[in-house]
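This report concerns only the one structure given below.
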Amino acid sequence: MDPQAAFTSSGPANAVYTAEQLEQRAAELRQRFPILRREVRPGVRLVYLDSAATSLKPDSVIDALAEHYRLRSANVHRGIYTIAEEATAAYEAAREKVARFINASSTAEVIFTHGTTESINLVAWSWGGTNLKPGDEVVVTQMEHHANLVPWQQVCRRTGATLRFAPLTGDGQLDLAALEAMLSERTKLVAVTGASNVLGTVPPVAEIVRLAHGVGARVLVDGAQSVPHFGCDVQALDCDFLAFSGHKMCGPEGVGVLYGKLELLEAMPPMFTGGEMVKKVTFDEAAWNDLPWKFEAGTPPVAPAVALGAAVDFLRDVGWDFIRAHEQLLVSYAFERLQEVPGIRLLGPAPPNRSGLVAFAIEGIHPHDVAQFLDRYGVAVRAGHHCAQPLHQLLGLRASTRASFYLYNVRADVDALVDALKQTVERFARFRQRVSSQRG
């Protein structure tokens, strides 16, 4: 089974596209992203291959953000004047869009946060801080982003629970049999990425949910790298928590989402306290507000949430069938062409069982140098440990270079990447030869 199909109720991609049709559609979509019309320097076009870090924004999202500030820049829920009521309506309408987008059973299950990291921390400290105790176990995988690792390290240290790590296979897949063997009545939560931001691995999340629920454990899915690329039907998946960010799915920075099952959120204490998240306050005590506002202390990210609603509309219009098919075309093409680069090591499983990114290392060249040289050709990639230092240690690397694709990329972007990498390797080879001859 296609592991990506587990995230959406529609299952595998229904539409069948030719490569030419995918390219044509992507070329049309590119026109909606104004930043792609610029040059990074005279005569050098921008080749943006860092969507795993943050995606580009289409005109409709930029317009929604600007329109909110132009026409209804007011705080929500409290004001009884016209533009405040309009702001509240727009903010809550965005929540309704997100709820439909992930098929939540109620808008009360959709909490607006400032990003995936805050969403996971909310679960770790609110749910974990309340429910975990000595002897309990939390299971994460060896490929998790720091945002789905460090909070669990900290809350386990605070509560006395034990943090365990599900291993990977030699080709970068999750070792499902080993994870299953870890699960027991001591397991209280499994926290797993929907797609690795380094390996591109898409673990079998639906099966993980089934196994975890079989021992009474809860499941949190870090959807930062999966929701933007193949969506998520939380009812079909039956996960207990889902965290994702707006800025990785054509939305603005500064807004994220935590989905949680209603009964779990109702039982959890708020992580932040103050204004907005209370019903009544005296000098001695406070009564919490209803869901979802119990978890939204202070002024929420109103304008970013409204723009996130516009991003949801945009992605629905584009369609998951196209997005998934197009990314598989690009990542398969990239895997094929990158083999031409001397000394390259590609990380993670081969297509098609992976998401739309490729991380790699080139023998003898530091990833930061690779990224800096690629920038000379207008190619924007990410270099470093990608907030996954333990995974890189496991791979025997200090860092890697990552190219990540989205719906606005085309095969010409892959060609530009490969051509720039070849020239970079040649430059470093000539430099080493020159140094060697000078020493000789």
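All residue names refer to the structure tokens as shown: chains lettered A, B, ... in order, residues numbered from 1 in each chain, ligands numbered from 1 in order.
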Item to check | DSSP strand (DSSP E or B) residues within segment 205-257 of chain A, as a list in words | outcome: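 Filtering segment 205-257 of chain A down to strand (DSSP E or B) leaves Arg218, Val219, Leu220, Val221, Asp222, Phe241, Leu242, Ala243, Phe244, Ser245, Gly256 and Val257 of chain A.
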Dump C-alpha atoms for the selected residues as a compact mmCIF listing (two decimals), in the first residue's frame?
```
# COMPACT_ATOMS: atom_id res chain seq x y z
CA ARG A 218 -2.07 7.58 22.07
CA VAL A 219 -0.49 8.72 18.80
CA LEU A 220 0.80 12.16 17.84
CA VAL A 221 1.65 12.75 14.19
CA ASP A 222 4.14 15.48 13.30
CA PHE A 241 -3.08 14.46 17.80
CA LEU A 242 -1.83 16.09 14.60
CA ALA A 243 0.51 19.08 14.41
CA PHE A 244 1.37 21.11 11.31
CA SER A 245 2.46 24.58 10.18
CA GLY A 256 0.17 26.46 13.03
CA VAL A 257 -2.47 23.96 13.98
```
Checklist entry - Do you know which residues are at most 7 Å from Met249 of chain A counting only C-alpha atoms, after dropping those on the same chain fewer than 5 positions away, and could you put them as a list in words? => result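 Contacts, in chain order: Ser55, Pro228 and Ala311 of chain A.
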Item to check | alpha helix (DSSP H) residues, from DSSP on the backbone, in segment 76-170 of chain A, as a ChimeraX atom specification | outcome: /A:82-102,116-122,129-131,150-159
Checklist entry - Glu327 of chain A: which residues within 7 Å, counting only C-alpha atoms, same-chain residues fewer than 6 positions away excluded, as a PyMOL selection string? => result chain A and resi 356+405-406
Could you please take those selected residues and save N, CA and C atoms as an mmCIF file, in the first residue's frame?
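Printed below is out_17.cif as written:
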```cif
data_model
loop_
_atom_site.group_PDB
_atom_site.id
_atom_site.type_symbol
_atom_site.label_atom_id
_atom_site.label_comp_id
_atom_site.auth_asym_id
_atom_site.auth_seq_id
_atom_site.Cartn_x
_atom_site.Cartn_y
_atom_site.Cartn_z
ATOM 1 N N GLY A 356 8.627 14.379 -1.392
ATOM 2 C CA GLY A 356 9.275 15.127 -2.451
ATOM 3 C C GLY A 356 10.488 15.914 -2.027
ATOM 4 N N PHE A 405 11.050 19.811 -3.054
ATOM 5 C CA PHE A 405 10.202 20.241 -4.163
ATOM 6 C C PHE A 405 8.767 20.460 -3.692
ATOM 7 N N TYR A 406 8.072 21.300 -4.459
ATOM 8 C CA TYR A 406 6.645 21.499 -4.179
ATOM 9 C C TYR A 406 5.925 21.709 -5.502
#
```
Hey, could you make a per-residue contact list for segment 254-339 of chain A against segment 90-97 of chain A with 6 Å as the cut-off, showing the nearest pair of atoms and its distance in Å to one decimal, counting only C-alpha atoms, sorted by chain and number, as CSV?
```
residue,atom,partner,partner_atom,distance
A:Val302,CA,A:Tyr91,CA,5.9
A:Val306,CA,A:Ala94,CA,5.4
A:Gly309,CA,A:Ala94,CA,4.6
```
Okay, now the selection with C-alpha atoms, as a CSV table (one decimal), in the first residue's frame?
```
chain,number,residue,atom,x,y,z
A,302,VAL,CA,-5.4,36.5,13.5
A,306,VAL,CA,-7.0,34.1,7.9
A,309,GLY,CA,-7.6,29.8,5.3
```
Next on the checklist: Can you tell me which residues surround Phe295 of chain A at a distance of at most 12 Å, considering only C-alpha atoms, apart from same-chain residues fewer than 5 positions away, and format the answer as a PyMOL selection string?
Outcome noted: chain A and resi 108-114+118-119+122-123+126+257-260+265-278+288-290+300
Keeping only C-alpha atoms, take the residues you just selected and write them out as a PDB file, in the first residue's frame.
```
ATOM      1  CA  ALA A 108     -13.435  22.671  18.742  1.00  0.00           C
ATOM      2  CA  GLU A 109     -10.730  20.136  17.848  1.00  0.00           C
ATOM      3  CA  VAL A 110      -8.713  22.729  15.883  1.00  0.00           C
ATOM      4  CA  ILE A 111      -6.343  24.865  17.966  1.00  0.00           C
ATOM      5  CA  PHE A 112      -4.448  27.709  16.328  1.00  0.00           C
ATOM      6  CA  THR A 113      -0.833  27.901  17.502  1.00  0.00           C
ATOM      7  CA  HIS A 114       2.264  29.612  16.113  1.00  0.00           C
ATOM      8  CA  GLU A 118       4.372  24.965  19.657  1.00  0.00           C
ATOM      9  CA  SER A 119       1.667  22.417  18.857  1.00  0.00           C
ATOM     10  CA  LEU A 122       1.442  21.912  23.945  1.00  0.00           C
ATOM     11  CA  VAL A 123       0.716  18.180  23.835  1.00  0.00           C
ATOM     12  CA  SER A 126      -0.271  19.598  28.808  1.00  0.00           C
ATOM     13  CA  VAL A 257      -2.470  23.961  13.978  1.00  0.00           C
ATOM     14  CA  LEU A 258      -2.922  21.388  16.689  1.00  0.00           C
ATOM     15  CA  TYR A 259      -5.684  18.879  16.111  1.00  0.00           C
ATOM     16  CA  GLY A 260      -6.703  16.765  19.072  1.00  0.00           C
ATOM     17  CA  LEU A 265      -8.456  18.245  24.675  1.00  0.00           C
ATOM     18  CA  GLU A 266     -11.302  18.621  27.163  1.00  0.00           C
ATOM     19  CA  ALA A 267      -9.309  16.732  29.806  1.00  0.00           C
ATOM     20  CA  MET A 268      -6.032  18.618  29.195  1.00  0.00           C
ATOM     21  CA  PRO A 269      -5.081  21.733  31.174  1.00  0.00           C
ATOM     22  CA  PRO A 270      -4.043  24.825  29.202  1.00  0.00           C
ATOM     23  CA  MET A 271      -0.348  25.280  28.542  1.00  0.00           C
ATOM     24  CA  PHE A 272      -0.512  29.097  28.534  1.00  0.00           C
ATOM     25  CA  THR A 273      -2.741  31.163  30.760  1.00  0.00           C
ATOM     26  CA  GLY A 274      -3.843  34.785  30.703  1.00  0.00           C
ATOM     27  CA  GLY A 275      -6.385  36.646  28.646  1.00  0.00           C
ATOM     28  CA  GLU A 276      -8.896  35.152  26.192  1.00  0.00           C
ATOM     29  CA  MET A 277      -8.609  31.563  27.497  1.00  0.00           C
ATOM     30  CA  VAL A 278     -10.719  32.189  30.599  1.00  0.00           C
ATOM     31  CA  TRP A 288     -11.122  28.053  31.666  1.00  0.00           C
ATOM     32  CA  ASN A 289     -12.876  28.979  28.451  1.00  0.00           C
ATOM     33  CA  ASP A 290     -14.508  26.422  26.167  1.00  0.00           C
ATOM     34  CA  PRO A 300      -4.016  34.850  18.556  1.00  0.00           C
TER      35      PRO A 300
END
```
Item to check | Non-local contacts of Ala212 of chain A (9 Å; only C-alpha atoms; under 5 positions in same chain excluded) as a list in words | outcome: Glu180, Leu183, Ser184, Thr187, Lys188, Leu189, Val190, Glu207, Ala217, Arg218 and Val219 of chain A
Next on the checklist: Applying 12 Å and only C-alpha atoms, which residues near Arg402 of chain A remain after dropping the ones on its own chain fewer than 3 positions away? List them as number ranges by chain.
Outcome noted: A: 48-53, 196-200, 334, 345-348, 356-362, 367-368, 370-371, 374, 379-386, 399, 405, 417
Preceding selection exported with N, CA and C atoms as a tab-separated table (two decimals), in the first residue's frame:
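Dumped everything to selection_16.tsv:
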```
chain	number	residue	atom	x	y	z
A	48	TYR	N	14.00	27.78	-6.58
A	48	TYR	CA	13.73	27.60	-5.16
A	48	TYR	C	13.50	26.12	-4.85
A	49	LEU	N	14.43	25.54	-4.08
A	49	LEU	CA	14.37	24.12	-3.71
A	49	LEU	C	14.50	23.95	-2.20
A	50	ASP	N	13.77	24.77	-1.46
A	50	ASP	CA	13.83	24.71	0.00
A	50	ASP	C	12.42	24.75	0.61
A	51	SER	N	11.47	24.13	-0.05
A	51	SER	CA	10.09	24.17	0.44
A	51	SER	C	9.88	23.36	1.70
A	52	ALA	N	10.78	22.42	2.01
A	52	ALA	CA	10.66	21.69	3.27
A	52	ALA	C	10.92	22.60	4.46
A	53	ALA	N	11.68	23.68	4.24
A	53	ALA	CA	11.92	24.67	5.30
A	53	ALA	C	10.76	25.65	5.36
A	196	SER	N	9.77	12.13	6.90
A	196	SER	CA	11.05	12.61	7.40
A	196	SER	C	11.53	13.81	6.60
A	197	ASN	N	12.01	14.83	7.30
A	197	ASN	CA	12.50	16.03	6.62
A	197	ASN	C	13.94	15.87	6.12
A	198	VAL	N	14.54	14.70	6.35
A	198	VAL	CA	15.88	14.41	5.86
A	198	VAL	C	15.85	13.24	4.87
A	199	LEU	N	15.24	12.14	5.27
A	199	LEU	CA	15.26	10.93	4.46
A	199	LEU	C	14.13	10.88	3.43
A	200	GLY	N	13.09	11.68	3.65
A	200	GLY	CA	11.93	11.59	2.78
A	200	GLY	C	11.07	10.37	3.06
A	334	ALA	N	14.74	13.54	-9.99
A	334	ALA	CA	15.91	14.02	-9.25
A	334	ALA	C	16.83	12.86	-8.85
A	345	ARG	N	26.19	10.94	-2.36
A	345	ARG	CA	25.50	9.91	-1.57
A	345	ARG	C	24.09	10.40	-1.29
A	346	LEU	N	23.12	9.71	-1.83
A	346	LEU	CA	21.72	10.08	-1.63
A	346	LEU	C	21.20	9.40	-0.37
A	347	LEU	N	20.47	10.13	0.44
A	347	LEU	CA	19.99	9.62	1.72
A	347	LEU	C	18.53	9.19	1.62
A	348	GLY	N	18.20	8.10	2.31
A	348	GLY	CA	16.81	7.66	2.36
A	348	GLY	C	16.45	6.67	1.28
A	356	GLY	N	8.63	14.38	-1.39
A	356	GLY	CA	9.28	15.13	-2.45
A	356	GLY	C	10.49	15.91	-2.03
A	357	LEU	N	11.47	15.27	-1.44
A	357	LEU	CA	12.74	15.92	-1.12
A	357	LEU	C	13.87	14.92	-1.27
A	358	VAL	N	15.07	15.44	-1.48
A	358	VAL	CA	16.26	14.60	-1.57
A	358	VAL	C	17.38	15.27	-0.79
A	359	ALA	N	17.87	14.58	0.24
A	359	ALA	CA	19.05	15.05	0.97
A	359	ALA	C	20.25	14.23	0.52
A	360	PHE	N	21.41	14.86	0.50
A	360	PHE	CA	22.59	14.17	-0.02
A	360	PHE	C	23.86	14.74	0.59
A	361	ALA	N	24.92	13.97	0.44
A	361	ALA	CA	26.26	14.42	0.83
A	361	ALA	C	27.18	14.17	-0.34
A	362	ILE	N	28.15	15.06	-0.54
A	362	ILE	CA	29.13	14.92	-1.61
A	362	ILE	C	30.50	14.77	-0.98
A	367	PRO	N	28.58	20.42	3.19
A	367	PRO	CA	27.27	20.85	2.71
A	367	PRO	C	27.07	22.36	2.67
A	368	HIS	N	27.65	23.08	3.62
A	368	HIS	CA	27.52	24.54	3.60
A	368	HIS	C	28.21	25.13	2.37
A	370	VAL	N	28.60	23.52	-0.46
A	370	VAL	CA	27.74	23.15	-1.58
A	370	VAL	C	26.62	24.17	-1.74
A	371	ALA	N	25.94	24.47	-0.65
A	371	ALA	CA	24.81	25.41	-0.71
A	371	ALA	C	25.25	26.80	-1.13
A	374	LEU	N	25.97	26.72	-4.86
A	374	LEU	CA	24.73	26.61	-5.64
A	374	LEU	C	24.02	27.96	-5.72
A	379	VAL	N	20.37	28.69	-7.28
A	379	VAL	CA	19.72	27.49	-6.74
A	379	VAL	C	19.71	27.57	-5.22
A	380	ALA	N	18.52	27.63	-4.64
A	380	ALA	CA	18.37	27.76	-3.19
A	380	ALA	C	18.05	26.40	-2.57
A	381	VAL	N	19.00	25.88	-1.78
A	381	VAL	CA	18.82	24.62	-1.07
A	381	VAL	C	19.16	24.84	0.40
A	382	ARG	N	18.88	23.84	1.21
A	382	ARG	CA	19.18	23.91	2.64
A	382	ARG	C	20.40	23.05	2.95
A	383	ALA	N	21.27	23.53	3.81
A	383	ALA	CA	22.43	22.75	4.25
A	383	ALA	C	22.52	22.79	5.76
A	384	GLY	N	22.91	21.67	6.36
A	384	GLY	CA	23.04	21.59	7.81
A	384	GLY	C	22.53	20.26	8.30
A	385	HIS	N	22.19	20.21	9.58
A	385	HIS	CA	21.65	18.96	10.13
A	385	HIS	C	20.11	18.94	10.10
A	386	HIS	N	19.51	20.01	9.60
A	386	HIS	CA	18.06	20.09	9.39
A	386	HIS	C	17.26	19.78	10.67
A	399	ALA	N	26.33	16.75	8.62
A	399	ALA	CA	25.37	17.59	7.94
A	399	ALA	C	25.09	17.02	6.56
A	405	PHE	N	11.05	19.81	-3.05
A	405	PHE	CA	10.20	20.24	-4.16
A	405	PHE	C	8.77	20.46	-3.69
A	417	LEU	N	19.72	22.28	-10.69
A	417	LEU	CA	20.40	21.77	-9.51
A	417	LEU	C	21.56	20.87	-9.91
```
Residues near Arg38 of chain A, cut-off 12 Å, only C-alpha atoms, skip fewer than 6 positions along chain, as a PDB file with C-alpha atoms, in the first residue's frame:
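Writing the result to result-v7.pdb gives the following:
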```pdb
ATOM      1  CA  ARG A  30       4.206  29.063 -11.038  1.00  0.00           C
ATOM      2  CA  GLN A  31       2.553  32.194 -12.415  1.00  0.00           C
ATOM      3  CA  VAL A  44      20.109  34.618 -12.719  1.00  0.00           C
ATOM      4  CA  ARG A  45      16.627  33.259 -12.055  1.00  0.00           C
ATOM      5  CA  LEU A  46      15.556  31.928  -8.682  1.00  0.00           C
ATOM      6  CA  VAL A  47      15.442  28.133  -8.490  1.00  0.00           C
ATOM      7  CA  TYR A  48      13.730  27.596  -5.157  1.00  0.00           C
ATOM      8  CA  GLY A 378      20.430  30.927  -8.226  1.00  0.00           C
TER       9      GLY A 378
END
```
Taking a cut-off of 7 Å and counting only C-alpha atoms, can you build a table that, for each residue of segment 265-333 of chain A near segment 62-83 of chain A, reports the nearest atom pair and how far apart they are in Å (one decimal), sorted by chain then residue number, as a tab-separated table?
```
residue	atom	partner	partner_atom	distance
A:Ala303	CA	A:Leu65	CA	5.8
A:Pro304	CA	A:Leu65	CA	6.7
A:Val306	CA	A:Leu65	CA	6.9
A:Ala307	CA	A:Leu65	CA	5.2
A:Ala310	CA	A:Ala64	CA	6.6
```
Checklist outcome for this item: Using only C-alpha atoms, the residue out of A:Val155, A:Val255, A:Ala147, A:Val331 with shortest distance to Pro134 of chain A is A:Val155
Checklist entry - Quick one: of A:Asp369, A:Ser60, A:Asn103, A:Pro151, who's nearest to Leu237 of chain A, counting only C-alpha atoms? => result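 Among the listed residues, A:Asn103 lies closest to Leu237 of chain A.
Each of A:Ser332, A:Asn353, A:Asn131, A:Gln24 was compared to Asp171 of chain A using only C-alpha atoms, and A:Asn353 turns out to be the nearest.
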